[in-house]
Amino acid sequence: MNAAPAPGNEPDVPEPKHPLSSDPEPDPDPDPALVPGRPPAAGWRGWGAVGAVALGIFCLITSELLPVGLLTPVGADLGVSDGTAGLMVTVPGLVAGFCAPLVTVGAGRLDRRWVLVVLIALMAVANLVAALAPGFGVLLAARLLVGVSVGGFWAIAGGLAVRLVPAHHVGRATALVFGGVPTASVLGVPAGTLLGELGGWRFAFAAVGGLGLLTLAALLLLLPPLPPTRTITFAQLPALLRRNRAVRAGVVVTFLLVTGQFAAYTFVRPILQEVSGVNAAYVSTLLLGYGVAGVAGNFLAGARDPYRTLFTVGASLTVILALIATVPGALAGTVLLLAWGLVYGGVSVSLQSWMIKAAPQDAEAASSLMVAMFNLAIAAGALSGGLAVDGISVPAAPLAGAVLMALAAVTVRVTSTSRRAGRAVAASAVSAGGGTGTGGGPAEARDASPADRR
């Protein structure tokens with residue numbers, strides 16, 4: 001027997017004030033027609049705006065991860081080691097992790113359209129500066145600005161789909177917006193690597209900067225005015241972590257999976273060349289294959305249960321990363337790299353689904369926490385991988401990643417088991433309360449997260 005719907009979930013009944021809002025908000029997922037300050041977006045204009053936001057996320061994540069395929073040529077040209085060059089990934093990831101909640105809170109009363117425009121312009125300029133950088137210090141400073149753009153844009157853009165298309169298209173539009181994350185992760189890096197092979201690493205940075213300028217124009221042309229509809233304070237973010245166990249677990253799983261991924265993936269080029277023995281001329285082609293496999297993995301994971309998917313991802317990548325660190329041979333390296341891309345491709349969409357299930361009424365705040373941890377984990381992974389490469393050897397990076405993937409799989413399994421137990425307790429409490437869901441059930445039932453109560 002299921003619990004009665006929570007207030008605000010019944011058809012045609014407005015939901016109460018958003019739990020994390022400091023301003024009156026009659027409906028946390030308003031119909032676009034009711035959003036203050038603008039008419040509903042429909043037809044090609046609404047979808048054009050969604051596409052512009054998705055392109056913005058694609059540009060930003062591509063920019064953040066671009067150095068992954070360019071570490072060796074950048075290091076050789078500017079006279080730094082592969083481990084030091086890895087700071088090009090560490091710095092923007094660290095900055096983006098802090099800027100996700102900072103921008104979400106700080107931009108509370110600003111038109112979202114102009115916030116996104118400024119952030120994408122900052123990213124474009126930063127990449128053009130990186131392309132002209134005379135030394136590694138200037139390049140690293142430009143990468144810091146990329147981190148500001150990534151954290152702020154991603155955190156704000158995630159909740160905009162409901163304001164851009166009619167209500168019955170919101171799910172599809174949200175999937176398209178977040179599709180920019182895995183697509184950039186699995187295609188942007190290989191494409192940037194290929195551009196670096198063809199015209200040099202400076203050309204690759206300049207190309208991403210140019211794409212950012214095109215995205216800036218698309219946002220200016222297609223995005224309608226987006227005045228704020230709610231504000232969030234810094235104190236309300238840790239409050240969500242304290243009261244929602246599923247959100248806490250999702251943040252931990254995000255840290256373990258993404259740190260493990262980038263401890264290894266940041267150094268995929270030296271891994272392929274030094275461990276697998278792949279010729280340098282074929283690395284960009286293999287990374288494109290990794291990207292295609294990752295897109296397939298994204299679609300395979302999109303409609304599946306995030307708990308099962310992320311357990312499978314963690315367990316599979318434990319094995320794959322351990323093998324790619326220890327098994328020599330170009331054929332083995334190629335097969336393992338493609339399997340790696342296929343499995344990791346489902347991570348971003350599954351983590352987002354986890355957070356939405358964990359806190360359906362607090363999705364914006366939960367997404368902000370996930371985005372912050374995702375980017376901090378990119379930085380942590382690149383840093384730990386760099387320390388392993390410089391202090392031990394290249395194979396140490398994927399081995400460290402394998403350990404973290406194993407811990408992620410264990411965390412998901414424990415959380416999934418707890419969720420099933422919570423659902424059983426909640427069902428018992430509902431039965432004891434006469435099927436109303438208001439009986440004096442045990443504390444476990446009252447404290448269960450929204451995901452556990454489903």
# chains A, B, ... in the order shown; residues from 1 in each chain; ligands from 1
$ residues_around --residues "A:Val50" --least-positions-apart "2" --cutoff "8 Å" --atoms "only C-alpha atoms" --output "list in words"
Gly46, Trp47, Gly48, Ala52, Val53, Ala54, Ala161, Leu164, Ala173, Leu176 and Val177 of chain A
$ residues_around --residues "stretch 74-91 of chain A" --least-positions-apart "3" --cutoff "8 Å" --atoms "only C-alpha atoms" --output "list in words"
Glu64, Leu65, Pro67, Val68, Leu70, Leu71, Leu94, Val95, Gly135, Phe136, Leu139, Leu140, Arg143, Leu144, Gly147, Trp201, Thr266, Phe267, Ile378, Ala379, Ala380, Gly381, Ala382, Leu383, Gly385, Gly386, Leu387, Val389 and Asp390 of chain A
$ closest_residue --among "A:Ala365, A:Val115, A:Met355, A:Leu287" --to "A:Gly192" --atoms "only C-alpha atoms"
A:Leu287
$ select_by_dssp --residues "stretch 263-399 of chain A" --states "alpha helix (DSSP H)" --output "compact mmCIF listing (two decimals) with N, CA and C atoms, in the first residue's frame"
# COMPACT_ATOMS: atom_id res chain seq x y z
N ALA A 263 41.29 10.88 -11.90
CA ALA A 263 42.63 10.45 -11.51
C ALA A 263 43.27 9.67 -12.65
N ALA A 264 42.44 8.92 -13.38
CA ALA A 264 42.93 8.11 -14.50
C ALA A 264 42.81 8.84 -15.83
N TYR A 265 41.63 9.43 -16.11
CA TYR A 265 41.36 9.94 -17.45
C TYR A 265 42.19 11.19 -17.78
N VAL A 268 45.11 9.93 -19.63
CA VAL A 268 44.83 8.84 -20.55
C VAL A 268 45.84 8.79 -21.69
N ARG A 269 46.34 9.94 -22.11
CA ARG A 269 47.31 9.94 -23.20
C ARG A 269 48.61 9.25 -22.80
N PRO A 270 49.27 9.65 -21.69
CA PRO A 270 50.48 8.90 -21.31
C PRO A 270 50.19 7.44 -20.96
N VAL A 283 46.33 8.33 -30.92
CA VAL A 283 45.66 8.62 -29.66
C VAL A 283 44.37 9.39 -29.88
N SER A 284 44.40 10.42 -30.73
CA SER A 284 43.19 11.22 -30.94
C SER A 284 42.08 10.38 -31.55
N THR A 285 42.43 9.46 -32.46
CA THR A 285 41.42 8.59 -33.06
C THR A 285 40.79 7.68 -32.00
N LEU A 286 41.62 7.15 -31.12
CA LEU A 286 41.10 6.28 -30.06
C LEU A 286 40.20 7.06 -29.11
N LEU A 287 40.55 8.30 -28.83
CA LEU A 287 39.72 9.10 -27.93
C LEU A 287 38.38 9.44 -28.58
N LEU A 288 38.37 9.58 -29.90
CA LEU A 288 37.09 9.75 -30.59
C LEU A 288 36.24 8.49 -30.45
N GLY A 289 36.87 7.33 -30.55
CA GLY A 289 36.14 6.08 -30.32
C GLY A 289 35.61 6.00 -28.90
N TYR A 290 36.41 6.45 -27.94
CA TYR A 290 35.97 6.53 -26.55
C TYR A 290 34.72 7.42 -26.44
N GLY A 291 34.73 8.54 -27.17
CA GLY A 291 33.60 9.45 -27.14
C GLY A 291 32.34 8.85 -27.70
N VAL A 292 32.45 8.16 -28.84
CA VAL A 292 31.27 7.52 -29.44
C VAL A 292 30.70 6.47 -28.50
N ALA A 293 31.58 5.68 -27.89
CA ALA A 293 31.13 4.67 -26.93
C ALA A 293 30.45 5.33 -25.74
N GLY A 294 30.97 6.49 -25.30
CA GLY A 294 30.38 7.19 -24.16
C GLY A 294 28.99 7.72 -24.45
N VAL A 295 28.77 8.24 -25.66
CA VAL A 295 27.43 8.71 -26.02
C VAL A 295 26.44 7.55 -25.99
N ALA A 296 26.87 6.40 -26.51
CA ALA A 296 26.01 5.21 -26.46
C ALA A 296 25.70 4.85 -25.01
N GLY A 297 26.70 4.92 -24.14
CA GLY A 297 26.49 4.63 -22.73
C GLY A 297 25.53 5.59 -22.08
N ASN A 298 25.58 6.86 -22.48
CA ASN A 298 24.66 7.85 -21.95
C ASN A 298 23.21 7.50 -22.26
N PHE A 299 22.95 7.12 -23.51
CA PHE A 299 21.57 6.78 -23.89
C PHE A 299 21.13 5.46 -23.24
N LEU A 300 22.04 4.52 -23.10
CA LEU A 300 21.69 3.26 -22.45
C LEU A 300 21.31 3.47 -20.98
N ALA A 301 21.98 4.42 -20.33
CA ALA A 301 21.75 4.63 -18.89
C ALA A 301 20.59 5.57 -18.62
N GLY A 302 20.20 6.38 -19.61
CA GLY A 302 19.27 7.47 -19.38
C GLY A 302 17.96 7.09 -18.70
N PRO A 306 18.95 4.75 -11.38
CA PRO A 306 20.30 5.26 -11.15
C PRO A 306 21.10 4.46 -10.14
N TYR A 307 20.45 3.83 -9.16
CA TYR A 307 21.18 3.03 -8.19
C TYR A 307 21.84 1.83 -8.86
N ARG A 308 21.08 1.09 -9.64
CA ARG A 308 21.64 -0.08 -10.31
C ARG A 308 22.69 0.32 -11.33
N THR A 309 22.41 1.40 -12.07
CA THR A 309 23.35 1.84 -13.09
C THR A 309 24.68 2.24 -12.47
N LEU A 310 24.65 3.04 -11.41
CA LEU A 310 25.90 3.52 -10.82
C LEU A 310 26.66 2.41 -10.10
N PHE A 311 25.95 1.41 -9.57
CA PHE A 311 26.67 0.26 -9.01
C PHE A 311 27.41 -0.49 -10.11
N THR A 312 26.73 -0.69 -11.24
CA THR A 312 27.36 -1.36 -12.37
C THR A 312 28.55 -0.57 -12.88
N VAL A 313 28.40 0.75 -12.96
CA VAL A 313 29.49 1.61 -13.41
C VAL A 313 30.70 1.48 -12.49
N GLY A 314 30.48 1.61 -11.18
CA GLY A 314 31.59 1.53 -10.24
C GLY A 314 32.31 0.19 -10.28
N ALA A 315 31.53 -0.90 -10.30
CA ALA A 315 32.14 -2.23 -10.32
C ALA A 315 32.89 -2.47 -11.63
N SER A 316 32.30 -2.07 -12.74
CA SER A 316 32.93 -2.31 -14.04
C SER A 316 34.20 -1.50 -14.20
N LEU A 317 34.17 -0.23 -13.80
CA LEU A 317 35.35 0.61 -13.96
C LEU A 317 36.48 0.21 -13.01
N THR A 318 36.14 -0.41 -11.89
CA THR A 318 37.18 -0.96 -11.03
C THR A 318 38.03 -1.95 -11.80
N VAL A 319 37.37 -2.84 -12.52
CA VAL A 319 38.08 -3.86 -13.30
C VAL A 319 38.80 -3.24 -14.50
N ILE A 320 38.11 -2.37 -15.22
CA ILE A 320 38.68 -1.80 -16.45
C ILE A 320 39.93 -0.98 -16.15
N LEU A 321 39.88 -0.13 -15.12
CA LEU A 321 41.03 0.70 -14.80
C LEU A 321 42.20 -0.12 -14.28
N ALA A 322 41.91 -1.16 -13.52
CA ALA A 322 42.99 -2.03 -13.05
C ALA A 322 43.67 -2.73 -14.23
N LEU A 323 42.89 -3.16 -15.21
CA LEU A 323 43.46 -3.86 -16.37
C LEU A 323 44.24 -2.93 -17.27
N ILE A 324 43.73 -1.73 -17.52
CA ILE A 324 44.43 -0.82 -18.44
C ILE A 324 45.74 -0.33 -17.82
N ALA A 325 45.86 -0.42 -16.50
CA ALA A 325 47.11 -0.04 -15.83
C ALA A 325 48.15 -1.14 -15.87
N THR A 326 47.73 -2.37 -16.11
CA THR A 326 48.66 -3.50 -15.95
C THR A 326 48.81 -4.37 -17.19
N ALA A 330 48.68 -2.76 -27.60
CA ALA A 330 47.81 -1.75 -28.21
C ALA A 330 46.38 -2.27 -28.35
N LEU A 331 46.22 -3.56 -28.70
CA LEU A 331 44.88 -4.11 -28.86
C LEU A 331 44.13 -4.11 -27.54
N ALA A 332 44.81 -4.57 -26.48
CA ALA A 332 44.17 -4.59 -25.16
C ALA A 332 43.82 -3.18 -24.71
N GLY A 333 44.74 -2.24 -24.94
CA GLY A 333 44.48 -0.86 -24.55
C GLY A 333 43.29 -0.27 -25.30
N THR A 334 43.16 -0.60 -26.59
CA THR A 334 42.05 -0.10 -27.39
C THR A 334 40.71 -0.63 -26.88
N VAL A 335 40.64 -1.95 -26.66
CA VAL A 335 39.41 -2.57 -26.19
C VAL A 335 39.01 -2.02 -24.82
N LEU A 336 39.99 -1.89 -23.93
CA LEU A 336 39.69 -1.39 -22.59
C LEU A 336 39.26 0.08 -22.63
N LEU A 337 39.86 0.87 -23.50
CA LEU A 337 39.48 2.28 -23.61
C LEU A 337 38.04 2.42 -24.09
N LEU A 338 37.65 1.63 -25.09
CA LEU A 338 36.27 1.69 -25.59
C LEU A 338 35.28 1.24 -24.52
N ALA A 339 35.63 0.19 -23.77
CA ALA A 339 34.76 -0.25 -22.68
C ALA A 339 34.66 0.82 -21.60
N TRP A 340 35.77 1.48 -21.34
CA TRP A 340 35.80 2.58 -20.37
C TRP A 340 34.81 3.68 -20.78
N GLY A 341 34.86 4.09 -22.05
CA GLY A 341 33.95 5.13 -22.52
C GLY A 341 32.49 4.71 -22.43
N LEU A 342 32.19 3.48 -22.81
CA LEU A 342 30.81 2.98 -22.77
C LEU A 342 30.26 3.02 -21.36
N VAL A 343 31.05 2.57 -20.40
CA VAL A 343 30.58 2.50 -19.01
C VAL A 343 30.46 3.88 -18.39
N TYR A 344 31.49 4.71 -18.56
CA TYR A 344 31.46 6.02 -17.91
C TYR A 344 30.44 6.96 -18.54
N VAL A 347 27.39 8.11 -16.40
CA VAL A 347 27.55 8.64 -15.05
C VAL A 347 26.79 9.95 -14.83
N SER A 348 26.97 10.92 -15.71
CA SER A 348 26.37 12.25 -15.47
C SER A 348 24.86 12.19 -15.39
N VAL A 349 24.23 11.53 -16.36
CA VAL A 349 22.76 11.48 -16.37
C VAL A 349 22.25 10.67 -15.18
N SER A 350 22.98 9.65 -14.77
CA SER A 350 22.54 8.84 -13.62
C SER A 350 22.67 9.61 -12.32
N LEU A 351 23.75 10.37 -12.16
CA LEU A 351 23.90 11.18 -10.96
C LEU A 351 22.81 12.25 -10.87
N GLN A 352 22.49 12.87 -12.01
CA GLN A 352 21.42 13.85 -12.00
C GLN A 352 20.08 13.21 -11.65
N SER A 353 19.80 12.03 -12.21
CA SER A 353 18.56 11.31 -11.89
C SER A 353 18.51 10.95 -10.40
N TRP A 354 19.65 10.55 -9.85
CA TRP A 354 19.73 10.23 -8.43
C TRP A 354 19.28 11.43 -7.60
N MET A 355 19.82 12.62 -7.93
CA MET A 355 19.52 13.80 -7.13
C MET A 355 18.05 14.21 -7.27
N ILE A 356 17.50 14.09 -8.47
CA ILE A 356 16.10 14.44 -8.66
C ILE A 356 15.20 13.49 -7.89
N LYS A 357 15.53 12.19 -7.89
CA LYS A 357 14.75 11.22 -7.10
C LYS A 357 14.91 11.48 -5.61
N ALA A 358 16.12 11.87 -5.20
CA ALA A 358 16.37 12.06 -3.77
C ALA A 358 15.66 13.29 -3.22
N ALA A 363 15.04 20.18 -6.15
CA ALA A 363 15.92 19.75 -7.23
C ALA A 363 17.00 20.78 -7.56
N GLU A 364 16.66 22.07 -7.51
CA GLU A 364 17.66 23.10 -7.84
C GLU A 364 18.79 23.09 -6.84
N ALA A 365 18.45 23.03 -5.55
CA ALA A 365 19.48 23.02 -4.51
C ALA A 365 20.30 21.73 -4.56
N ALA A 366 19.62 20.58 -4.75
CA ALA A 366 20.33 19.31 -4.82
C ALA A 366 21.27 19.28 -6.03
N SER A 367 20.81 19.82 -7.15
CA SER A 367 21.66 19.88 -8.34
C SER A 367 22.88 20.76 -8.11
N SER A 368 22.68 21.87 -7.39
CA SER A 368 23.80 22.75 -7.07
C SER A 368 24.86 22.02 -6.26
N LEU A 369 24.42 21.22 -5.29
CA LEU A 369 25.36 20.46 -4.48
C LEU A 369 26.09 19.42 -5.32
N MET A 370 25.35 18.75 -6.23
CA MET A 370 25.97 17.76 -7.09
C MET A 370 26.98 18.40 -8.04
N VAL A 371 26.62 19.54 -8.62
CA VAL A 371 27.53 20.24 -9.53
C VAL A 371 28.79 20.67 -8.80
N ALA A 372 28.63 21.19 -7.59
CA ALA A 372 29.79 21.60 -6.80
C ALA A 372 30.72 20.41 -6.55
N MET A 373 30.16 19.29 -6.10
CA MET A 373 30.99 18.14 -5.81
C MET A 373 31.58 17.54 -7.09
N PHE A 374 30.81 17.53 -8.18
CA PHE A 374 31.30 17.00 -9.45
C PHE A 374 32.58 17.73 -9.86
N ASN A 375 32.54 19.05 -9.78
CA ASN A 375 33.70 19.83 -10.22
C ASN A 375 34.85 19.77 -9.23
N LEU A 376 34.55 19.76 -7.94
CA LEU A 376 35.61 19.57 -6.96
C LEU A 376 36.28 18.21 -7.14
N ALA A 377 35.48 17.22 -7.50
CA ALA A 377 36.02 15.89 -7.72
C ALA A 377 36.90 15.83 -8.97
N ILE A 378 36.54 16.59 -10.01
CA ILE A 378 37.42 16.68 -11.17
C ILE A 378 38.79 17.20 -10.75
N ALA A 379 38.78 18.25 -9.93
CA ALA A 379 40.04 18.81 -9.45
C ALA A 379 40.80 17.81 -8.58
N ALA A 380 40.08 17.16 -7.67
CA ALA A 380 40.72 16.19 -6.78
C ALA A 380 41.31 15.03 -7.58
N GLY A 381 40.57 14.57 -8.58
CA GLY A 381 41.06 13.47 -9.40
C GLY A 381 42.30 13.84 -10.19
N ALA A 382 42.26 15.02 -10.84
CA ALA A 382 43.43 15.45 -11.61
C ALA A 382 44.64 15.66 -10.71
N LEU A 383 44.41 16.22 -9.50
CA LEU A 383 45.52 16.45 -8.57
C LEU A 383 46.10 15.13 -8.07
N SER A 384 45.23 14.22 -7.61
CA SER A 384 45.72 12.94 -7.09
C SER A 384 46.39 12.12 -8.18
N GLY A 385 45.84 12.15 -9.39
CA GLY A 385 46.47 11.45 -10.49
C GLY A 385 47.84 12.02 -10.82
N GLY A 386 47.94 13.37 -10.79
CA GLY A 386 49.22 14.02 -11.05
C GLY A 386 50.27 13.65 -10.01
N LEU A 387 49.85 13.62 -8.73
CA LEU A 387 50.79 13.21 -7.68
C LEU A 387 51.23 11.77 -7.87
N ALA A 388 50.30 10.91 -8.27
CA ALA A 388 50.65 9.50 -8.50
C ALA A 388 51.61 9.35 -9.67
N VAL A 389 51.36 10.09 -10.74
CA VAL A 389 52.22 10.00 -11.93
C VAL A 389 53.62 10.52 -11.62
N ASP A 390 53.71 11.70 -10.98
CA ASP A 390 55.02 12.29 -10.69
C ASP A 390 55.76 11.55 -9.58
N GLY A 391 54.99 11.04 -8.59
CA GLY A 391 55.64 10.42 -7.44
C GLY A 391 55.90 8.93 -7.58
N ALA A 396 50.17 4.18 -11.88
CA ALA A 396 49.60 4.43 -10.54
C ALA A 396 48.32 5.25 -10.63
N ALA A 397 48.16 6.08 -11.65
CA ALA A 397 46.96 6.91 -11.76
C ALA A 397 45.70 6.07 -11.99
N PRO A 398 45.66 5.18 -12.99
CA PRO A 398 44.45 4.35 -13.14
C PRO A 398 44.25 3.38 -11.98
N LEU A 399 45.31 2.94 -11.34
CA LEU A 399 45.15 2.05 -10.19
C LEU A 399 44.48 2.80 -9.03
$ closest_residue --among "A:Ala204, A:Val247, A:Leu272, A:Val414" --to "A:Leu66" --atoms "only C-alpha atoms"
A:Ala204
$ atom_distance --atom1 "atom CA of A:Thr254" --atom2 "atom CA of A:Ala100"
14.9 Å
$ atom_distance --atom1 "atom CA of A:Ala408" --atom2 "atom CA of A:Gly69"
25.6 Å
$ closest_residue --among "A:Ile61, A:Val251, A:Ala246, A:Ile120" --to "A:Thr417" --atoms "only C-alpha atoms"
A:Ala246
$ atom_distance --atom1 "atom CA of A:Leu219" --atom2 "atom CA of A:Thr62"
17.6 Å
